[in-house]
Amino acid sequence: MDFIISELKIREEGSYKGFKAFRKALSKQANTLLAFSAILDQKLQEIAQAFDASLYLVRSVCLLTKHKTSSVDYWRQWNRLHHLLPNKFHLILEAVSEAMDTTPRTTSLVENLNSRLRNYFFLRKQLGSGYLDLLRFFLNHRTFMRSRCDERVGKSPRELMMGQAHPHWLELLGFERFQKA
């Protein structure tokens with residue numbers, strides 16, 4: 001993260017107006033964005049203790065899962081780790097895979113957010129703070145049409161968070177809603 005922030009700082013001169021603000025916001029939120037790594041680190045330490053294995057080897061097993069199983073590097077590492085952990089390797093591999101599956105990753109949260117917001121950005125070349133504020137207001141006050149949780153349907157994120165109903169988001173902006181005759 002420090003590398004990314006320093007590279008952004010180098011490139012912020014001559015860039016568009018919001019670039020510096022983005023870099024500052026990213027540097028302030030770095031710990032939050034990388035919070036999943038501390039959770040995964042704790043789980044890997046627990047696995048190492050449970051199987052009486054070195055933390056380095058458990059982390060190596062974790063890194064092994066990032067390789068494609070069809071690659072030569074995967075099988076070279078697999079053989080090395082299997083040799084170093086002869087009776088525990090398969091159990092550690094299974095525990096590491098489960099730990100990784102149950103740890104929420106920042107990238108998946110960001111990708112989810114990007115997929116939701118992409119529909120609102122495709123017509124605009126530049127995004128100003130006014131448009132982003134309006135979009136945030138709209139998304140916080142628009143009711144869910146469907147959801148996996150039945151209690152969310154017909155409620156907005158703000159209603160769910162505050163626990164009380166509010167008028168339609170257009171009315172909150174001072175507009176009148178059309179009504180059927």
# chains A, B, ... in the order shown; residues from 1 in each chain; ligands from 1
>>> select_by_dssp(residues="stretch 4-158 of chain A", states="helix (DSSP H, G or I)", output="JSON, numbers by chain")
{"A": [4, 5, 6, 7, 8, 9, 10, 11, 19, 20, 21, 22, 23, 24, 25, 26, 27, 28, 30, 31, 32, 33, 35, 36, 37, 38, 39, 40, 41, 42, 43, 44, 45, 46, 47, 48, 49, 50, 55, 56, 57, 58, 59, 60, 61, 62, 63, 64, 72, 73, 74, 75, 76, 77, 78, 79, 80, 81, 82, 83, 84, 89, 90, 91, 92, 93, 94, 95, 96, 97, 98, 99, 100, 101, 106, 107, 108, 109, 110, 111, 112, 113, 114, 115, 116, 117, 118, 119, 120, 121, 129, 130, 131, 132, 133, 134, 135, 136, 137, 138, 139, 140, 141, 150, 151, 152, 157, 158]}
>>> residues_around(residues="A:Ala99", least_positions_apart="3", cutoff="9 Å", atoms="only C-alpha atoms", output="ChimeraX atom specification")
/A:40,43-44,47,94-96,102-103
>>> write_last_selection(atoms="N, CA and C atoms", output="tab-separated table (two decimals), in the first residue's frame")
chain	number	residue	atom	x	y	z
A	40	LEU	N	-6.63	-12.65	8.29
A	40	LEU	CA	-6.05	-13.85	7.68
A	40	LEU	C	-4.75	-14.24	8.38
A	43	LYS	N	-5.58	-16.09	11.51
A	43	LYS	CA	-6.03	-17.45	11.21
A	43	LYS	C	-4.86	-18.35	10.85
A	44	LEU	N	-3.90	-17.83	10.10
A	44	LEU	CA	-2.73	-18.63	9.73
A	44	LEU	C	-1.88	-18.97	10.95
A	47	ILE	N	-3.59	-21.79	12.72
A	47	ILE	CA	-3.36	-23.06	12.00
A	47	ILE	C	-1.97	-23.58	12.31
A	94	GLU	N	-6.03	-27.89	3.59
A	94	GLU	CA	-7.49	-27.79	3.75
A	94	GLU	C	-7.85	-26.67	4.72
A	95	ALA	N	-7.13	-26.57	5.85
A	95	ALA	CA	-7.40	-25.53	6.84
A	95	ALA	C	-7.12	-24.13	6.28
A	96	VAL	N	-6.04	-24.00	5.52
A	96	VAL	CA	-5.68	-22.71	4.91
A	96	VAL	C	-6.74	-22.31	3.88
A	102	THR	N	-13.25	-18.08	4.22
A	102	THR	CA	-14.11	-17.44	5.22
A	102	THR	C	-13.63	-16.05	5.62
A	103	THR	N	-12.57	-15.55	5.01
A	103	THR	CA	-12.07	-14.22	5.30
A	103	THR	C	-12.52	-13.26	4.20
>>> closest_residue(among="A:Ile92, A:Ile4, A:Val58, A:Ile39", to="A:Pro104", atoms="only C-alpha atoms")
A:Ile39
>>> atom_distance(atom1="atom CA of A:Leu127", atom2="atom CA of A:Arg177")
27.1 Å
>>> residues_around(residues="A:Leu173", least_positions_apart="4", cutoff="12 Å", atoms="only C-alpha atoms", output="PyMOL selection string")
chain A and resi 134+137-138+141+167-169+177
>>> closest_residue(among="A:Gly154, A:Phe51, A:Arg59, A:Thr32", to="A:Pro86", atoms="only C-alpha atoms")
A:Phe51
>>> residues_around(residues="A:Lys9", least_positions_apart="5", cutoff="10 Å", atoms="only C-alpha atoms", output="ChimeraX atom specification")
/A:3-4,19-20,23-24
>>> write_last_selection(atoms="N, CA and C atoms", output="tab-separated table (two decimals), in the first residue's frame")
chain	number	residue	atom	x	y	z
A	3	PHE	N	3.77	1.58	-1.34
A	3	PHE	CA	4.30	1.74	-2.70
A	3	PHE	C	3.27	2.43	-3.59
A	4	ILE	N	2.02	1.99	-3.52
A	4	ILE	CA	0.96	2.57	-4.36
A	4	ILE	C	0.77	4.04	-4.02
A	19	PHE	N	-7.18	14.17	-7.85
A	19	PHE	CA	-6.16	13.14	-7.71
A	19	PHE	C	-5.49	13.21	-6.34
A	20	LYS	N	-5.13	14.41	-5.90
A	20	LYS	CA	-4.47	14.57	-4.61
A	20	LYS	C	-5.40	14.15	-3.47
A	23	ARG	N	-5.49	10.38	-3.29
A	23	ARG	CA	-4.29	9.82	-2.67
A	23	ARG	C	-4.33	10.00	-1.15
A	24	LYS	N	-4.75	11.17	-0.69
A	24	LYS	CA	-4.83	11.41	0.75
A	24	LYS	C	-5.86	10.49	1.41
>>> closest_residue(among="A:His166, A:Arg136, A:Arg11, A:His83", to="A:Tyr120", atoms="only C-alpha atoms")
A:Arg136
>>> atom_distance(atom1="atom CA of A:Asp73", atom2="atom CA of A:Gln45")
24.8 Å
>>> residues_around(residues="stretch 65-72 of chain A", least_positions_apart="3", cutoff="10 Å", atoms="only C-alpha atoms", output="MDAnalysis selection string")
chainID A and resid 60:62 75:78 93 96:97 100
>>> atom_distance(atom1="atom CA of A:Arg142", atom2="atom CA of A:Ala165")
11.8 Å
>>> decode(residues="stretch 111-154 of chain A", atoms="N, CA and C atoms", output="short mmCIF file (atom, residue, chain, number, x, y, z; two decimals), in the first residue's frame")
data_model
loop_
_atom_site.label_atom_id
_atom_site.label_comp_id
_atom_site.auth_asym_id
_atom_site.auth_seq_id
_atom_site.Cartn_x
_atom_site.Cartn_y
_atom_site.Cartn_z
N GLU A 111 -14.93 -4.71 -5.70
CA GLU A 111 -15.49 -5.15 -6.97
C GLU A 111 -17.02 -5.13 -6.93
N ASN A 112 -17.59 -5.51 -5.80
CA ASN A 112 -19.04 -5.46 -5.65
C ASN A 112 -19.52 -4.02 -5.76
N LEU A 113 -18.85 -3.11 -5.06
CA LEU A 113 -19.23 -1.71 -5.11
C LEU A 113 -19.07 -1.15 -6.52
N ASN A 114 -17.96 -1.47 -7.18
CA ASN A 114 -17.74 -0.99 -8.55
C ASN A 114 -18.81 -1.50 -9.49
N SER A 115 -19.21 -2.75 -9.36
CA SER A 115 -20.23 -3.29 -10.25
C SER A 115 -21.57 -2.59 -10.04
N ARG A 116 -21.84 -2.17 -8.82
CA ARG A 116 -23.09 -1.45 -8.55
C ARG A 116 -23.04 -0.01 -9.06
N LEU A 117 -21.88 0.62 -8.95
CA LEU A 117 -21.76 2.03 -9.34
C LEU A 117 -21.49 2.23 -10.83
N ARG A 118 -20.95 1.24 -11.49
CA ARG A 118 -20.57 1.37 -12.90
C ARG A 118 -21.73 1.86 -13.76
N ASN A 119 -22.93 1.41 -13.48
CA ASN A 119 -24.10 1.82 -14.26
C ASN A 119 -24.36 3.32 -14.20
N TYR A 120 -23.94 3.98 -13.13
CA TYR A 120 -24.20 5.40 -12.97
C TYR A 120 -23.07 6.26 -13.56
N PHE A 121 -21.95 5.65 -13.94
CA PHE A 121 -20.80 6.43 -14.39
C PHE A 121 -20.57 6.40 -15.89
N PHE A 122 -21.20 5.51 -16.63
CA PHE A 122 -20.79 5.28 -18.00
C PHE A 122 -21.06 6.47 -18.93
N LEU A 123 -21.99 7.36 -18.60
CA LEU A 123 -22.30 8.50 -19.46
C LEU A 123 -21.47 9.74 -19.12
N ARG A 124 -20.78 9.71 -18.02
CA ARG A 124 -20.06 10.91 -17.57
C ARG A 124 -18.56 10.72 -17.75
N LYS A 125 -17.91 11.75 -18.31
CA LYS A 125 -16.46 11.68 -18.48
C LYS A 125 -15.74 12.07 -17.19
N GLN A 126 -16.28 13.05 -16.49
CA GLN A 126 -15.68 13.45 -15.22
C GLN A 126 -16.75 13.44 -14.14
N LEU A 127 -16.34 13.04 -12.97
CA LEU A 127 -17.27 12.96 -11.85
C LEU A 127 -16.91 14.03 -10.84
N GLY A 128 -17.80 14.96 -10.64
CA GLY A 128 -17.58 16.00 -9.64
C GLY A 128 -18.15 15.60 -8.31
N SER A 129 -17.83 16.37 -7.29
CA SER A 129 -18.31 16.05 -5.95
C SER A 129 -19.83 16.22 -5.87
N GLY A 130 -20.39 17.16 -6.65
CA GLY A 130 -21.84 17.35 -6.63
C GLY A 130 -22.57 16.12 -7.12
N TYR A 131 -22.09 15.55 -8.22
CA TYR A 131 -22.72 14.34 -8.76
C TYR A 131 -22.56 13.17 -7.79
N LEU A 132 -21.38 13.03 -7.20
CA LEU A 132 -21.14 11.94 -6.26
C LEU A 132 -22.00 12.09 -5.00
N ASP A 133 -22.20 13.34 -4.54
CA ASP A 133 -23.07 13.56 -3.38
C ASP A 133 -24.51 13.19 -3.70
N LEU A 134 -24.97 13.58 -4.89
CA LEU A 134 -26.33 13.23 -5.30
C LEU A 134 -26.49 11.71 -5.43
N LEU A 135 -25.50 11.07 -6.01
CA LEU A 135 -25.54 9.61 -6.16
C LEU A 135 -25.56 8.93 -4.80
N ARG A 136 -24.74 9.39 -3.87
CA ARG A 136 -24.72 8.83 -2.52
C ARG A 136 -26.09 8.99 -1.85
N PHE A 137 -26.67 10.19 -1.98
CA PHE A 137 -27.99 10.44 -1.42
C PHE A 137 -29.01 9.49 -2.01
N PHE A 138 -29.00 9.36 -3.34
CA PHE A 138 -29.96 8.48 -4.03
C PHE A 138 -29.82 7.04 -3.56
N LEU A 139 -28.59 6.53 -3.51
CA LEU A 139 -28.38 5.13 -3.14
C LEU A 139 -28.71 4.87 -1.67
N ASN A 140 -28.53 5.86 -0.82
CA ASN A 140 -28.86 5.68 0.60
C ASN A 140 -30.36 5.77 0.88
N HIS A 141 -31.11 6.41 -0.02
CA HIS A 141 -32.53 6.62 0.23
C HIS A 141 -33.45 5.83 -0.70
N ARG A 142 -32.91 5.17 -1.67
CA ARG A 142 -33.71 4.37 -2.60
C ARG A 142 -34.06 3.03 -1.94
N THR A 143 -35.30 2.61 -2.07
CA THR A 143 -35.72 1.37 -1.42
C THR A 143 -35.27 0.15 -2.22
N PHE A 144 -35.00 -0.92 -1.49
CA PHE A 144 -34.62 -2.19 -2.12
C PHE A 144 -35.86 -2.81 -2.76
N MET A 145 -35.76 -3.16 -4.02
CA MET A 145 -36.87 -3.82 -4.70
C MET A 145 -36.89 -5.31 -4.39
N ARG A 146 -35.70 -5.88 -4.21
CA ARG A 146 -35.59 -7.29 -3.86
C ARG A 146 -34.32 -7.46 -3.03
N SER A 147 -34.28 -8.54 -2.26
CA SER A 147 -33.13 -8.80 -1.41
C SER A 147 -33.18 -10.24 -0.94
N ARG A 148 -32.04 -10.77 -0.56
CA ARG A 148 -32.00 -12.11 0.02
C ARG A 148 -32.69 -12.12 1.39
N CYS A 149 -32.61 -10.98 2.07
CA CYS A 149 -33.26 -10.84 3.38
C CYS A 149 -34.60 -10.16 3.18
N ASP A 150 -35.67 -10.82 3.55
CA ASP A 150 -37.02 -10.31 3.33
C ASP A 150 -37.27 -8.99 4.06
N GLU A 151 -36.61 -8.77 5.21
CA GLU A 151 -36.87 -7.54 5.97
C GLU A 151 -36.31 -6.30 5.28
N ARG A 152 -35.46 -6.47 4.27
CA ARG A 152 -34.90 -5.32 3.54
C ARG A 152 -35.82 -4.82 2.42
N VAL A 153 -36.66 -5.68 1.88
CA VAL A 153 -37.50 -5.33 0.74
C VAL A 153 -38.43 -4.17 1.11
N GLY A 154 -38.45 -3.13 0.26
CA GLY A 154 -39.30 -1.97 0.50
C GLY A 154 -38.70 -0.95 1.45
#
